[in-house]
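One structure below.
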Amino acid sequence: AIAGIGYIGYGVYEDRHPEDQIVPDPSKKTLVILGTGWGSVSLLKRLDTENYNVIVISPRNYFLFTPLLPSCTTGTIEHRSIMEPIRTILRQKKASVRFYEAEASSIDPDRKVVRIFDNSEIRGDITETEVPYDMLVIGVGAENATFGIPGVRDHSCFLKEIGDAQRIRKRIMDCVETAAFKDQSPEEINRLLHMVVVGGGPTGVEFAGELQDFFEEDIKKLVPEIADRFRVTLIEALPNVLPMFSKQLIDYTESTFKEEKIDIHTKTMVKKVTDKTVEAEVTRPDGKKETIVFPYGLLVWATGNAVRPVIKDLISRIPAQANSRRGLAVNEYLVVQGTRDIWAVGDCAVAGYAPTAQVAGQEGTFLARLFNNMAMTEALEGKIGELSSSLNLQPGNAAAVSREIEGYERQLRRIKDAKPFHYSHQGSLAYIGSDKAVADVTWFNGNVAAAGSLTYLFWRSAYISMCFSSRNRLLVINDWLKSKVFGRDLSR
Ligand code: NAD
């Protein structure tokens with residue numbers, strides 16, 4: 001029975017009751033998928049699950065729509081609006097899929113098993129076990145890069161997971177309320193209200209923009225006594241922010257930040273972090289280096305990705321991966337080099353593209369098609385084999401059977417002619433604050449650069465249409481309206 005119809009990505013899906021789903025057939029191959037991010041969920045969305053025994057393993061039992069994560073740090077969007085439970089996604093599949101909320105600690109490609117552990121809060125202990133696979137897809141993403149800089153892990157907030165956004169939101173309000181507390185010294189007020197962002201990639205830029213909006217539109221009105229003290233500083237080691245955007249858009253972003261009173265320090269590399277200060281080395285125009293100390297209340301660290309330990313461990317077990325530094329090297333069909341039955345997608349894979357949601361999503365979709373075709377190939381080969389062996393047994397029907405075989409062979413050739421993965425770049429978008437965005441979009445094979453308020457409307461509509469489900473879409477629109485009409489919620 002169809003319990004409901006919704007819109008998912010680009011197609012209509014059906015919600016099924018578990019009892020209506022096909023029960024996995026143990027004679028089929030076991031396909032284990034690690035992760036519930038962009039790569040793994042895009043694969044699941046389009047995979048014909050009846051062809052395999054599918055097991056999904058991830059410490060996160062939901063998909064997170066990461067492009068809107070910076071908006072959660074200030075309450076423009078509530079966190080649950082951009083989360084989609086994995087169980088809801090799996091319920092839409094024709095054949096049931098097993099899900100284990102656990103983290104993979106190691107992968108043994110020789111024994112073909114994944115070692116997983118569940119850090120159960122309810123039991124207060126750790127359960128470890130092994131899951132065997134015939135085929136494995138790794139989509140575990142990456143962790144935050146800190147480059148071993150002292151103090152970063154202990155004192156800064158990252159911006160990768162939903163918990164990070166919640167932590168930042170609480171910390172902003174903690175800084176504001178503490179600064180407004182009775183008898184604070186002027187130096188302490190300045191420190192508490194200094195919000196420092198390290199990393200001028202899209203994460204750092206979008207967060208700085210959102211933060212300044214929060215201050216201008218809400219904090220300033222509700223806590224006027226600190227209005228002239230709140231400051232946002234963005235620190236970037238390279239000569240400019242947003243290196244993946246065109247020069248024109250970089251200039252636009254930098255001048256908009258100036259108007260918004262966000263301080264940008266380029267050619268400034270953070271070297272050390274303490275609980276109250278950031279120490280950075282700035283390269284002056286004459287080439288001289290100088291150390292600056294920034295006291296801060298909130299420090300957000302957004303300097304890109306690093307390889308997860310489980311991936312490092314797997315790399316060390318595969319001789320063909322000896323030179324892999326940034327993740328698992330994959331071939332043009334996303335097969336992990338040096339293996340035959342392991343594929344990798346998203347930020348943990350090195351396929352020659354930037355580690356973005358767009359790339360991961362397209363890789364997942366590619367693998368779904370590949371696996372659907374592989375299952376179909378097997379089924380067609382089986383049918384051809386059956387028909388060929390019956391050919392001699394029914395001489396009267398030989399011509400009809402031969403035609404049928406030819407038909408299947410034609411289908412088989414079409415499927416086997418699978419093209420390798422090719423990434424099609426749709427463009428880059430970033431919100432830069434005060435209802436403005438920048439966009440480098442591919443349009444009719446050409447590049448279009450756009451910036452400003454109209455681009456912001458485009459940014460909004462693009463992200464709304466990309467939301468995972470109609471439920472997410474409705475919640476995000478509701479949050480936008482709510483924060484516009486009533487202001488953001490300042491409660492901690
Ligand atoms: P990033 O890798 O794009 O940028 C990190 C920046 O931090 C770099 O510019 C680097 O020079 C700087 N940095 C590193 N160490 C530093 C130090 N010690 N001091 C000062 N600066 C330092 O990271 P990101 O913004 O988290 O993005 C990660 C990936 O996700 C990228 O591929 C990005 O394109 C993608 N992404 C895209 C969007 C979007 O399209 N809107 C949004 C978020 C992320």
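Every chain in the structure tokens has a letter given in the order shown (A, B, ...), and although residue numbers restart at 1 in each chain, ligands are simply numbered from 1 in the order shown.
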
Check which residues fall inside 8 Å of ligand 1 when counting only C-alpha atoms and all ligand atoms, and print them as number ranges by chain. A: 66-67, 146-147, 149, 159, 198-206, 235-238, 240-244, 267-271, 280, 302-305, 354-357, 428-431

Could you go through range 82-330 of chain A and tell me which residues DSSP, when run on the backbone, assigns to helix (DSSP H, G or I), listing them as a ChimeraX atom specification? /A:82,86-91,152-155,162-179,186-192,202-222,224-226,247-259,309-317,319-321

Selection: 6 Å around His194 in chain A, only C-alpha atoms, excl. self and same-chain fewer than 2 positions, as a PDB file with C-alpha atoms, in the first residue's frame:
ATOM      1  CA  ARG A 191      37.274  40.133  23.779  1.00  0.00           C
ATOM      2  CA  LEU A 192      33.951  38.395  24.369  1.00  0.00           C
ATOM      3  CA  ARG A 231      33.140  42.529  15.684  1.00  0.00           C
ATOM      4  CA  TYR A 296      38.397  36.273  20.922  1.00  0.00           C
ATOM      5  CA  GLY A 297      35.118  35.202  22.493  1.00  0.00           C
TER       6      GLY A 297
END

Show which residues sit within 7 Å of Glu279 in chain A, as a CSV table (one decimal) with C-alpha atoms, in the first residue's frame. Count only C-alpha atoms, and ignore same-chain residues fewer than 4 positions away.
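Result written to out_3.csv:
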chain,number,residue,atom,x,y,z
A,270,VAL,CA,47.2,31.1,12.3
A,271,LYS,CA,50.0,29.4,14.2
A,272,LYS,CA,48.6,28.9,17.7
A,273,VAL,CA,45.4,29.1,19.6
A,291,THR,CA,52.9,38.1,14.7
A,292,ILE,CA,49.5,39.5,15.6
A,293,VAL,CA,47.4,38.3,18.6
A,294,PHE,CA,43.6,38.4,18.3

Using only C-alpha atoms, can you tell me which of A:Cys175, A:Ile107, A:Val282, A:Cys348 comes closest to Phe230 in chain A? A:Cys175

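As for CA of Ile82 in chain A and CA of Arg98 in chain A, they are spaced 23.2 Å apart.
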
Go through A:Gln321, A:Asn397, A:Ser156, A:Thr76 and flag the residue nearest Gly487 in chain A, using only C-alpha atoms for the distances.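 Once distances to Gly487 in chain A are computed over only C-alpha atoms, the minimum belongs to A:Thr76.
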
Nearest to Ile318 in chain A: which of A:Gly407, A:Pro285, A:Pro395, A:Pro109 is it, counting only C-alpha atoms? A:Pro109
